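> Sharing a structure with you now.
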Amino acid sequence: MESLLPYLPDDIQVRSVTLPHLSNGVLPRLKNIWHMRSIRADIIHINGDVHYSVLGAVRSKTLLTVLDLGSIKRLSGVRRRVFRRIWYTIPIAWAAQVTVISEQIERELLLLEPRVLPKLEVVHIAVSSKFFEPKPTQPVVYREFLHVGTAQNKNLDRVIEAFADSGLGLH
């Protein structure tokens, strides 16, 4: 987010808000929804694993970004149906606009919630210019690889494959 601020017009103010309660259990989530009622802004952008919090925001001002559908893929039965309603069906119906970060997520979301189509748009994640700086000319003494998360939606196999093909010496 910070890397985009210099490119925004001067009349746009951006404020980042972290919900006060961990998204764990019914009561903390209800408190997060209640907290959203106190947030005042022209546009309220909700992303991350707190889709349900959109219910506390002013409906006409909400933008919900779905980053992935990994959580629902790990569930089945009644838990999956409840999760789907609370994290996708109801928040999508409430939000004024819904964005996803790739065409793949768009396809998955449309299979899950076809009624989202009229308000769905793909908006790719911006990449910081830090990733495009020239590579150092000095040789690398050691390589360190940290991949946080091993759940299926973290796509560890493809990350390892990409590094193996990159010539960085990951085996």
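Here, A, B, ... name the chains of the structure tokens in the order displayed, residue numbers run from 1 inside each chain, and ligands are numbered from 1 in the same displayed order.
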If you run DSSP on the backbone here, which positions in stretch 63-134 of chain A get strand (DSSP E or B)? Please write them as a PyMOL selection string.

chain A and resi 63-66+97-100+120-122

> As a list in words, list the residues of stretch 60-143 of chain A assigned to alpha helix (DSSP H) by DSSP on the backbone atoms of this structure.

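Of stretch 60-143 of chain A, only Gly70, Ser71, Ile72, Lys73, Gly77, Val78, Arg79, Arg80, Arg81, Val82, Phe83, Arg84, Ile90, Pro91, Ile92, Ala93, Trp94, Glu103, Gln104, Ile105, Glu106, Arg107, Glu108, Leu109, Leu110, Leu111 and Leu112 of chain A fall in alpha helix (DSSP H).
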
> Selected residues, N, CA and C atoms, written as a compact mmCIF listing (two decimals), in the first residue's frame, please.


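File result-v2.txt, as written:
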# COMPACT_ATOMS: atom_id res chain seq x y z
N GLY A 70 -8.79 -20.21 -0.58
CA GLY A 70 -8.14 -21.35 0.05
C GLY A 70 -8.85 -21.86 1.29
N SER A 71 -9.37 -20.96 2.11
CA SER A 71 -10.01 -21.37 3.35
C SER A 71 -11.22 -22.26 3.10
N ILE A 72 -12.02 -21.90 2.15
CA ILE A 72 -13.24 -22.68 1.89
C ILE A 72 -12.92 -24.03 1.26
N LYS A 73 -11.83 -24.12 0.54
CA LYS A 73 -11.44 -25.38 -0.10
C LYS A 73 -11.06 -26.44 0.92
N GLY A 77 -18.89 -30.19 4.19
CA GLY A 77 -20.13 -30.37 4.94
C GLY A 77 -20.73 -29.08 5.46
N VAL A 78 -21.27 -29.15 6.67
CA VAL A 78 -21.96 -28.02 7.29
C VAL A 78 -21.00 -26.84 7.51
N ARG A 79 -19.77 -27.12 7.95
CA ARG A 79 -18.80 -26.04 8.18
C ARG A 79 -18.54 -25.26 6.89
N ARG A 80 -18.44 -25.96 5.78
CA ARG A 80 -18.22 -25.29 4.50
C ARG A 80 -19.42 -24.41 4.13
N ARG A 81 -20.64 -24.93 4.32
CA ARG A 81 -21.84 -24.15 3.98
C ARG A 81 -21.96 -22.91 4.84
N VAL A 82 -21.68 -23.02 6.13
CA VAL A 82 -21.75 -21.87 7.03
C VAL A 82 -20.67 -20.85 6.66
N PHE A 83 -19.45 -21.32 6.47
CA PHE A 83 -18.34 -20.46 6.09
C PHE A 83 -18.64 -19.73 4.78
N ARG A 84 -19.15 -20.46 3.82
CA ARG A 84 -19.48 -19.86 2.51
C ARG A 84 -20.46 -18.71 2.69
N ILE A 90 -23.05 -13.64 1.84
CA ILE A 90 -23.62 -12.43 2.46
C ILE A 90 -22.72 -11.21 2.22
N PRO A 91 -21.41 -11.29 2.47
CA PRO A 91 -20.56 -10.12 2.21
C PRO A 91 -20.60 -9.66 0.74
N ILE A 92 -20.63 -10.59 -0.20
CA ILE A 92 -20.68 -10.23 -1.61
C ILE A 92 -22.00 -9.53 -1.93
N ALA A 93 -23.07 -10.02 -1.36
CA ALA A 93 -24.37 -9.38 -1.58
C ALA A 93 -24.38 -7.97 -0.98
N TRP A 94 -23.68 -7.77 0.13
CA TRP A 94 -23.67 -6.48 0.82
C TRP A 94 -22.75 -5.46 0.14
N GLU A 103 -7.43 -13.71 -12.74
CA GLU A 103 -8.48 -14.37 -13.49
C GLU A 103 -8.81 -15.73 -12.89
N GLN A 104 -7.81 -16.40 -12.32
CA GLN A 104 -8.06 -17.69 -11.67
C GLN A 104 -9.00 -17.54 -10.48
N ILE A 105 -8.75 -16.55 -9.63
CA ILE A 105 -9.63 -16.31 -8.48
C ILE A 105 -11.02 -15.90 -8.98
N GLU A 106 -11.07 -15.14 -10.07
CA GLU A 106 -12.35 -14.75 -10.65
C GLU A 106 -13.16 -16.00 -11.05
N ARG A 107 -12.51 -16.94 -11.73
CA ARG A 107 -13.20 -18.17 -12.15
C ARG A 107 -13.69 -18.96 -10.93
N GLU A 108 -12.82 -19.09 -9.93
CA GLU A 108 -13.20 -19.85 -8.73
C GLU A 108 -14.37 -19.18 -8.00
N LEU A 109 -14.32 -17.86 -7.89
CA LEU A 109 -15.38 -17.14 -7.18
C LEU A 109 -16.70 -17.23 -7.94
N LEU A 110 -16.64 -17.14 -9.27
CA LEU A 110 -17.87 -17.25 -10.06
C LEU A 110 -18.50 -18.64 -9.95
N LEU A 111 -17.67 -19.66 -9.81
CA LEU A 111 -18.22 -21.01 -9.58
C LEU A 111 -18.90 -21.11 -8.22
N LEU A 112 -18.31 -20.45 -7.24
CA LEU A 112 -18.85 -20.47 -5.88
C LEU A 112 -20.06 -19.56 -5.73

> At a cut-off of 6 Å, using only C-alpha atoms, what residues contact A:Leu120? Leave out same-chain residues fewer than 4 positions from it and give the result as a list in words.

Val98, Thr99 and Val116 of chain A

> Please provide as a ChimeraX atom specification all residues within 9 Å of A:Pro20, with the sequence filter that same-chain residues fewer than 4 positions apart are discarded (counting only C-alpha atoms).

/A:28,31-32,35

> Tell me which protein, DNA and RNA residues are within 9 Å of A:Thr62, counting only C-alpha atoms, leaving out same-chain ones fewer than 6 positions away, and put them as a VMD selection string.

chain A and resid 42 to 46 54 94 to 98

> Calculated over only C-alpha atoms, which of the candidates A:Thr65, A:Gln13, A:Ser53, A:Asn24 has the smallest distance to A:Ala41?

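Closest residue, counting only C-alpha atoms: A:Gln13.
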
> State, in Å with one decimal place, the distance from atom CA of A:Glu121 to atom CA of A:Val100.

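These two atoms are separated by 6.5 Å.
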
> Have a look at A:Tyr7, A:Val66, A:Val50, A:Val148 and name the one nearest to A:Leu22; count only C-alpha atoms.

A:Val50

> At what distance in Å, to one decimal, does atom CA of A:Ile125 lie from atom CA of A:Leu67?

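Atom-to-atom, atom CA of A:Leu67 to atom CA of A:Ile125, that is 9.6 Å.
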
> Quick one: of A:Arg29, A:Arg40, A:Arg74, A:Lys154, who's nearest to A:Tyr52, counting only C-alpha atoms?

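Going through A:Arg29, A:Arg40, A:Arg74, A:Lys154 one by one, the smallest distance to A:Tyr52 is for A:Arg29.
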
> Using only C-alpha atoms, find the one residue out of A:Thr89, A:Ser60, A:Leu156, A:Phe163 that sits nearest to A:Glu113.

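For A:Glu113, the nearest of the candidates is A:Thr89.
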